[in-house]
Amino acid sequence: MKKKKGITIIASEQTYRNLSPFKTIEQLNEAVRHYREQFCDQLNKTQLSVLDVLKCHSAKYTGVSFLTKASIGKLVDKSRATVIRVCKHLEELGVIKQYDMKRSSDMQQTACAIVIQPIIERVQEQTKIDNATQEAAEMQHQKTLHKTTNNNKVIRKESVTNKPIPMPKFIPSEFAELASQYYNDTKTVFELWGKVRLAYIHSKIDQPLGELTTVAVAAFRESVAAIKLRELRKGSSLDSLRGYLYGTMRKMLFNRALDIKAGKCNLFKLFGDVLKSEINS
């Protein structure tokens with residue numbers, strides 16, 4: 001059985017200043033907005049509420065909060081145990097980092113410091129891949145995926161290599177496999193999925209993003225088809241694809257929301273008609 005490591009960090013103003021990863025409140029707010037969008041399909045309401053509490057109580061030492069789990073629980077109306085689980089999940093995603101602290105007066109444990117992580121650390125962690133693989137992917141991307149005809153770049157599906165590329169776990173495999181057939185590098189597929197998530201956030205549809213993979217795949221196919229048919233006249237293929245994918249996904253989600261709403265209305269109307277007929281009889 002491994003012996004638990006002792007707490008070595010002493011809670012003090014200097015410690016909190018040293019742990020602060022942001023220079024301004026604006027940088028902190030930007031990081032939190034980024035994480036809310038990036039993990040919109042992996043964070044529930046309670047987890048988002050805890051993240052907001054941490055942000056609001058990280059102003060003195062920008063990005064650093066030293067609220068106790070019990071205090072956070074009272075602010076979000078949840079138990080201490082729930083807050084502990086939430087913080088563990090946020091830490092696993094790379095959104096926060098927790099540091100155990102002890103008091104200088106009696107050297108006993110006190111509330112840990114919870115530090116919201118800057119964006120750059122998370123992006124580097126998610127897109128980190130083997131250098132040789134990345135270089136090969138970029139060379140392949142430049143040589144085969146973008147071909148120029150009459151100064152108009154078009155997308156061509158290539159099957160030069162069947163070697164899978166590293167991919168963040170939160171990107172559905174169906175979408176990743178399809179997109180990697182056109183852009184065989186992690187960064188580009190990550191950016192394309194980001195457009196899907198952004199469209200989902202702006203649509204405000206009442207359905208988890210994880211259940212909308214088929215819609216995302218259909219939107220990607222339609223976007224590629226549109227560019228191949230030269231319906232887009234401005235920008236390079238990748239730039240056009242990103243913009244068109246966002247617009248197509250939003251349109252499809254909007255139509256889906258209307259269909260769901262119409263289905264509910266028809267159900268209520270049917271129920272009302274049945275109830276009315278029973279009353280009249």
# chains A, B, ... in the order shown; residues from 1 in each chain; ligands from 1

call {"tool": "closest_atom_pairs", "arguments": {"of": "range 50-119 of chain A", "to": "range 12-28 of chain A", "cutoff": "9 Å", "atoms": "only C-alpha atoms", "output": "tab-separated table"}}
result
residue	atom	partner	partner_atom	distance
A:Lys55	CA	A:Leu28	CA	7.5
A:Ser58	CA	A:Leu28	CA	8.7
A:Ala59	CA	A:Ile25	CA	6.8
A:Tyr61	CA	A:Arg17	CA	5.9
A:Thr62	CA	A:Ser20	CA	5.6
A:Gly63	CA	A:Ser20	CA	5.7
A:Val64	CA	A:Ser20	CA	5.8
A:Ser65	CA	A:Tyr16	CA	8.6
A:Phe66	CA	A:Tyr16	CA	8.8
A:Arg103	CA	A:Ser12	CA	8.1
A:Ser104	CA	A:Ser12	CA	7.9
A:Ala113	CA	A:Tyr16	CA	7.7
A:Val115	CA	A:Ser20	CA	7.2
A:Ile116	CA	A:Pro21	CA	7.8
A:Gln117	CA	A:Pro21	CA	7.0
A:Pro118	CA	A:Pro21	CA	6.5

call {"tool": "write_last_selection", "arguments": {"atoms": "all heavy atoms", "output": "CSV table (one decimal), in the first residue's frame"}}
result
chain,number,residue,atom,x,y,z
A,55,LYS,N,-15.3,30.6,-11.0
A,55,LYS,CA,-14.9,31.8,-11.8
A,55,LYS,C,-15.2,33.1,-11.0
A,55,LYS,O,-14.4,34.0,-10.9
A,55,LYS,CB,-15.6,31.8,-13.1
A,55,LYS,CG,-15.2,33.0,-14.0
A,55,LYS,CD,-16.2,33.2,-15.2
A,55,LYS,CE,-17.5,33.8,-14.7
A,55,LYS,NZ,-18.4,34.2,-15.8
A,58,SER,N,-12.8,33.8,-8.1
A,58,SER,CA,-11.4,33.8,-8.5
A,58,SER,C,-10.9,35.1,-9.0
A,58,SER,O,-10.0,35.2,-9.8
A,58,SER,CB,-11.2,32.7,-9.6
A,58,SER,OG,-11.6,31.4,-9.2
A,59,ALA,N,-11.5,36.2,-8.4
A,59,ALA,CA,-11.2,37.5,-8.9
A,59,ALA,C,-10.0,38.1,-8.2
A,59,ALA,O,-9.1,38.8,-8.7
A,59,ALA,CB,-12.4,38.5,-8.7
A,61,TYR,N,-7.3,36.7,-6.7
A,61,TYR,CA,-6.1,36.1,-7.3
A,61,TYR,C,-6.6,35.4,-8.6
A,61,TYR,O,-7.1,34.3,-8.5
A,61,TYR,CB,-5.4,35.0,-6.3
A,61,TYR,CG,-5.1,35.6,-5.0
A,61,TYR,CD1,-6.0,35.3,-3.9
A,61,TYR,CD2,-4.1,36.5,-4.8
A,61,TYR,CE1,-5.7,35.8,-2.7
A,61,TYR,CE2,-3.8,37.0,-3.5
A,61,TYR,CZ,-4.6,36.7,-2.5
A,61,TYR,OH,-4.4,37.2,-1.2
A,62,THR,N,-6.4,36.1,-9.7
A,62,THR,CA,-7.1,35.7,-10.9
A,62,THR,C,-7.0,34.3,-11.3
A,62,THR,O,-5.9,33.8,-11.6
A,62,THR,CB,-6.7,36.6,-12.1
A,62,THR,OG1,-6.6,38.0,-11.6
A,62,THR,CG2,-7.7,36.5,-13.2
A,63,GLY,N,-8.1,33.5,-11.3
A,63,GLY,CA,-8.1,32.1,-11.6
A,63,GLY,C,-8.0,31.2,-10.5
A,63,GLY,O,-8.1,30.0,-10.6
A,64,VAL,N,-7.8,31.7,-9.3
A,64,VAL,CA,-7.5,30.9,-8.1
A,64,VAL,C,-8.7,31.1,-7.1
A,64,VAL,O,-8.9,32.2,-6.7
A,64,VAL,CB,-6.2,31.2,-7.4
A,64,VAL,CG1,-6.0,30.3,-6.2
A,64,VAL,CG2,-5.0,31.1,-8.4
A,65,SER,N,-9.3,30.0,-6.7
A,65,SER,CA,-10.4,30.0,-5.7
A,65,SER,C,-10.0,29.1,-4.5
A,65,SER,O,-9.4,28.1,-4.7
A,65,SER,CB,-11.7,29.5,-6.3
A,65,SER,OG,-12.7,29.3,-5.3
A,66,PHE,N,-10.3,29.6,-3.3
A,66,PHE,CA,-10.0,28.8,-2.1
A,66,PHE,C,-11.2,28.5,-1.3
A,66,PHE,O,-11.2,28.4,-0.1
A,66,PHE,CB,-8.8,29.4,-1.3
A,66,PHE,CG,-8.9,30.9,-1.2
A,66,PHE,CD1,-9.6,31.4,-0.1
A,66,PHE,CD2,-8.3,31.7,-2.1
A,66,PHE,CE1,-9.6,32.8,0.0
A,66,PHE,CE2,-8.3,33.1,-1.9
A,66,PHE,CZ,-9.0,33.6,-0.9
A,103,ARG,N,-2.4,25.0,6.7
A,103,ARG,CA,-2.3,26.3,7.3
A,103,ARG,C,-0.9,26.5,7.9
A,103,ARG,O,-0.2,25.6,8.3
A,103,ARG,CB,-3.3,26.5,8.4
A,103,ARG,CG,-4.7,26.5,8.0
A,103,ARG,CD,-5.7,26.7,9.2
A,103,ARG,NE,-5.6,25.6,10.1
A,103,ARG,CZ,-6.5,24.5,10.0
A,103,ARG,NH1,-7.4,24.5,9.0
A,103,ARG,NH2,-6.4,23.5,10.9
A,104,SER,N,-0.4,27.8,7.9
A,104,SER,CA,0.9,28.1,8.4
A,104,SER,C,0.9,28.1,9.9
A,104,SER,O,2.0,27.8,10.6
A,104,SER,CB,1.4,29.4,7.9
A,104,SER,OG,0.5,30.5,8.3
A,113,ALA,N,-6.6,24.9,-3.0
A,113,ALA,CA,-6.7,25.9,-4.0
A,113,ALA,C,-7.1,25.3,-5.3
A,113,ALA,O,-6.6,24.3,-5.7
A,113,ALA,CB,-5.3,26.6,-4.2
A,115,VAL,N,-7.6,26.0,-9.2
A,115,VAL,CA,-7.1,26.9,-10.2
A,115,VAL,C,-7.7,26.5,-11.6
A,115,VAL,O,-7.5,25.4,-12.1
A,115,VAL,CB,-5.5,26.8,-10.3
A,115,VAL,CG1,-5.0,27.8,-11.3
A,115,VAL,CG2,-4.9,27.0,-8.9
A,116,ILE,N,-8.3,27.5,-12.2
A,116,ILE,CA,-8.9,27.3,-13.5
A,116,ILE,C,-7.7,27.4,-14.5
A,116,ILE,O,-6.9,28.4,-14.4
A,116,ILE,CB,-9.9,28.4,-13.8
A,116,ILE,CG1,-11.1,28.3,-12.9
A,116,ILE,CG2,-10.4,28.3,-15.3
A,116,ILE,CD1,-12.2,29.4,-13.0
A,117,GLN,N,-7.6,26.5,-15.4
A,117,GLN,CA,-6.5,26.4,-16.3
A,117,GLN,C,-6.6,27.3,-17.5
A,117,GLN,O,-7.7,27.4,-18.0
A,117,GLN,CB,-6.2,24.9,-16.7
A,117,GLN,CG,-6.0,24.0,-15.6
A,117,GLN,CD,-4.7,24.3,-14.8
A,117,GLN,OE1,-3.6,24.2,-15.3
A,117,GLN,NE2,-4.9,24.9,-13.6
A,118,PRO,N,-5.5,27.9,-18.0
A,118,PRO,CA,-5.6,28.7,-19.2
A,118,PRO,C,-5.8,27.8,-20.4
A,118,PRO,O,-5.5,26.6,-20.4
A,118,PRO,CB,-4.2,29.3,-19.2
A,118,PRO,CG,-3.3,28.4,-18.4
A,118,PRO,CD,-4.2,27.9,-17.3

call {"tool": "residues_around", "arguments": {"residues": "Ala219 in chain A", "least_positions_apart": "3", "cutoff": "8 Å", "atoms": "only C-alpha atoms", "output": "list in words"}}
result
Val215, Ala216, Glu222, Ser223, Leu245, Thr248, Met249 and Met252 of chain A

call {"tool": "decode", "arguments": {"residues": "range 83-110 of chain A", "atoms": "N, CA, C and O atoms", "output": "mmCIF file, in the first residue's frame"}}
result
data_model
loop_
_atom_site.group_PDB
_atom_site.id
_atom_site.type_symbol
_atom_site.label_atom_id
_atom_site.label_comp_id
_atom_site.auth_asym_id
_atom_site.auth_seq_id
_atom_site.Cartn_x
_atom_site.Cartn_y
_atom_site.Cartn_z
ATOM 1 N N VAL A 83 -20.078 18.115 -4.916
ATOM 2 C CA VAL A 83 -19.093 19.107 -5.369
ATOM 3 C C VAL A 83 -17.728 18.447 -5.548
ATOM 4 O O VAL A 83 -16.997 18.750 -6.498
ATOM 5 N N ILE A 84 -17.370 17.528 -4.651
ATOM 6 C CA ILE A 84 -16.096 16.814 -4.782
ATOM 7 C C ILE A 84 -16.060 16.035 -6.096
ATOM 8 O O ILE A 84 -15.053 16.055 -6.817
ATOM 9 N N ARG A 85 -17.166 15.354 -6.433
ATOM 10 C CA ARG A 85 -17.232 14.601 -7.695
ATOM 11 C C ARG A 85 -17.152 15.527 -8.897
ATOM 12 O O ARG A 85 -16.490 15.220 -9.899
ATOM 13 N N VAL A 86 -17.827 16.675 -8.800
ATOM 14 C CA VAL A 86 -17.813 17.638 -9.904
ATOM 15 C C VAL A 86 -16.391 18.161 -10.146
ATOM 16 O O VAL A 86 -15.922 18.227 -11.284
ATOM 17 N N CYS A 87 -15.705 18.528 -9.066
ATOM 18 C CA CYS A 87 -14.342 19.053 -9.197
ATOM 19 C C CYS A 87 -13.399 17.988 -9.772
ATOM 20 O O CYS A 87 -12.505 18.305 -10.566
ATOM 21 N N LYS A 88 -13.626 16.745 -9.391
ATOM 22 C CA LYS A 88 -12.803 15.666 -9.935
ATOM 23 C C LYS A 88 -13.020 15.537 -11.438
ATOM 24 O O LYS A 88 -12.069 15.362 -12.217
ATOM 25 N N HIS A 89 -14.279 15.650 -11.869
ATOM 26 C CA HIS A 89 -14.598 15.576 -13.305
ATOM 27 C C HIS A 89 -13.982 16.748 -14.062
ATOM 28 O O HIS A 89 -13.401 16.568 -15.142
ATOM 29 N N LEU A 90 -14.091 17.944 -13.508
ATOM 30 C CA LEU A 90 -13.503 19.125 -14.147
ATOM 31 C C LEU A 90 -11.991 18.995 -14.253
ATOM 32 O O LEU A 90 -11.375 19.417 -15.241
ATOM 33 N N GLU A 91 -11.390 18.405 -13.224
ATOM 34 C CA GLU A 91 -9.937 18.224 -13.242
ATOM 35 C C GLU A 91 -9.534 17.185 -14.286
ATOM 36 O O GLU A 91 -8.515 17.340 -14.965
ATOM 37 N N GLU A 92 -10.338 16.140 -14.452
ATOM 38 C CA GLU A 92 -10.051 15.125 -15.469
ATOM 39 C C GLU A 92 -10.134 15.704 -16.876
ATOM 40 O O GLU A 92 -9.399 15.291 -17.773
ATOM 41 N N LEU A 93 -11.030 16.673 -17.079
ATOM 42 C CA LEU A 93 -11.154 17.321 -18.379
ATOM 43 C C LEU A 93 -10.040 18.339 -18.628
ATOM 44 O O LEU A 93 -9.848 18.796 -19.749
ATOM 45 N N GLY A 94 -9.328 18.701 -17.575
ATOM 46 C CA GLY A 94 -8.267 19.686 -17.707
ATOM 47 C C GLY A 94 -8.735 21.116 -17.530
ATOM 48 O O GLY A 94 -8.004 22.059 -17.822
ATOM 49 N N VAL A 95 -9.958 21.291 -17.031
ATOM 50 C CA VAL A 95 -10.518 22.631 -16.838
ATOM 51 C C VAL A 95 -9.934 23.289 -15.589
ATOM 52 O O VAL A 95 -9.666 24.490 -15.578
ATOM 53 N N ILE A 96 -9.744 22.500 -14.532
ATOM 54 C CA ILE A 96 -9.194 23.027 -13.274
ATOM 55 C C ILE A 96 -8.060 22.123 -12.788
ATOM 56 O O ILE A 96 -7.884 21.008 -13.291
ATOM 57 N N LYS A 97 -7.330 22.627 -11.815
ATOM 58 C CA LYS A 97 -6.332 21.824 -11.122
ATOM 59 C C LYS A 97 -6.434 22.145 -9.641
ATOM 60 O O LYS A 97 -6.562 23.311 -9.257
ATOM 61 N N GLN A 98 -6.414 21.111 -8.800
ATOM 62 C CA GLN A 98 -6.579 21.291 -7.362
ATOM 63 C C GLN A 98 -5.250 21.069 -6.632
ATOM 64 O O GLN A 98 -4.519 20.125 -6.935
ATOM 65 N N TYR A 99 -4.971 21.956 -5.677
ATOM 66 C CA TYR A 99 -3.739 21.872 -4.893
ATOM 67 C C TYR A 99 -4.093 21.763 -3.418
ATOM 68 O O TYR A 99 -4.756 22.648 -2.861
ATOM 69 N N ASP A 100 -3.668 20.678 -2.776
ATOM 70 C CA ASP A 100 -3.878 20.530 -1.336
ATOM 71 C C ASP A 100 -3.045 21.565 -0.586
ATOM 72 O O ASP A 100 -1.885 21.818 -0.919
ATOM 73 N N MET A 101 -3.643 22.151 0.451
ATOM 74 C CA MET A 101 -2.993 23.224 1.213
ATOM 75 C C MET A 101 -2.998 22.908 2.715
ATOM 76 O O MET A 101 -3.836 22.145 3.193
ATOM 77 N N LYS A 102 -2.058 23.519 3.436
ATOM 78 C CA LYS A 102 -2.066 23.438 4.892
ATOM 79 C C LYS A 102 -1.838 24.835 5.464
ATOM 80 O O LYS A 102 -1.218 25.694 4.841
ATOM 81 N N ARG A 103 -2.382 25.046 6.659
ATOM 82 C CA ARG A 103 -2.272 26.348 7.314
ATOM 83 C C ARG A 103 -0.864 26.545 7.858
ATOM 84 O O ARG A 103 -0.210 25.594 8.313
ATOM 85 N N SER A 104 -0.386 27.768 7.850
ATOM 86 C CA SER A 104 0.941 28.062 8.400
ATOM 87 C C SER A 104 0.924 28.060 9.927
ATOM 88 O O SER A 104 1.958 27.832 10.568
ATOM 89 N N SER A 105 -0.258 28.293 10.519
ATOM 90 C CA SER A 105 -0.351 28.394 11.978
ATOM 91 C C SER A 105 -0.137 27.053 12.679
ATOM 92 O O SER A 105 0.636 26.953 13.632
ATOM 93 N N ASP A 106 -0.833 26.005 12.196
ATOM 94 C CA ASP A 106 -0.724 24.696 12.852
ATOM 95 C C ASP A 106 -0.323 23.577 11.892
ATOM 96 O O ASP A 106 -0.259 22.411 12.287
ATOM 97 N N MET A 107 -0.065 23.928 10.647
ATOM 98 C CA MET A 107 0.362 22.969 9.621
ATOM 99 C C MET A 107 -0.673 21.858 9.389
ATOM 100 O O MET A 107 -0.330 20.761 8.964
ATOM 101 N N GLN A 108 -1.937 22.169 9.667
ATOM 102 C CA GLN A 108 -3.015 21.229 9.384
ATOM 103 C C GLN A 108 -3.673 21.565 8.048
ATOM 104 O O GLN A 108 -3.601 22.689 7.570
ATOM 105 N N GLN A 109 -4.322 20.549 7.465
ATOM 106 C CA GLN A 109 -4.916 20.741 6.140
ATOM 107 C C GLN A 109 -6.036 21.760 6.174
ATOM 108 O O GLN A 109 -6.822 21.819 7.123
ATOM 109 N N THR A 110 -6.101 22.568 5.130
ATOM 110 C CA THR A 110 -7.167 23.550 4.972
ATOM 111 C C THR A 110 -7.745 23.412 3.569
ATOM 112 O O THR A 110 -7.400 22.478 2.836
#
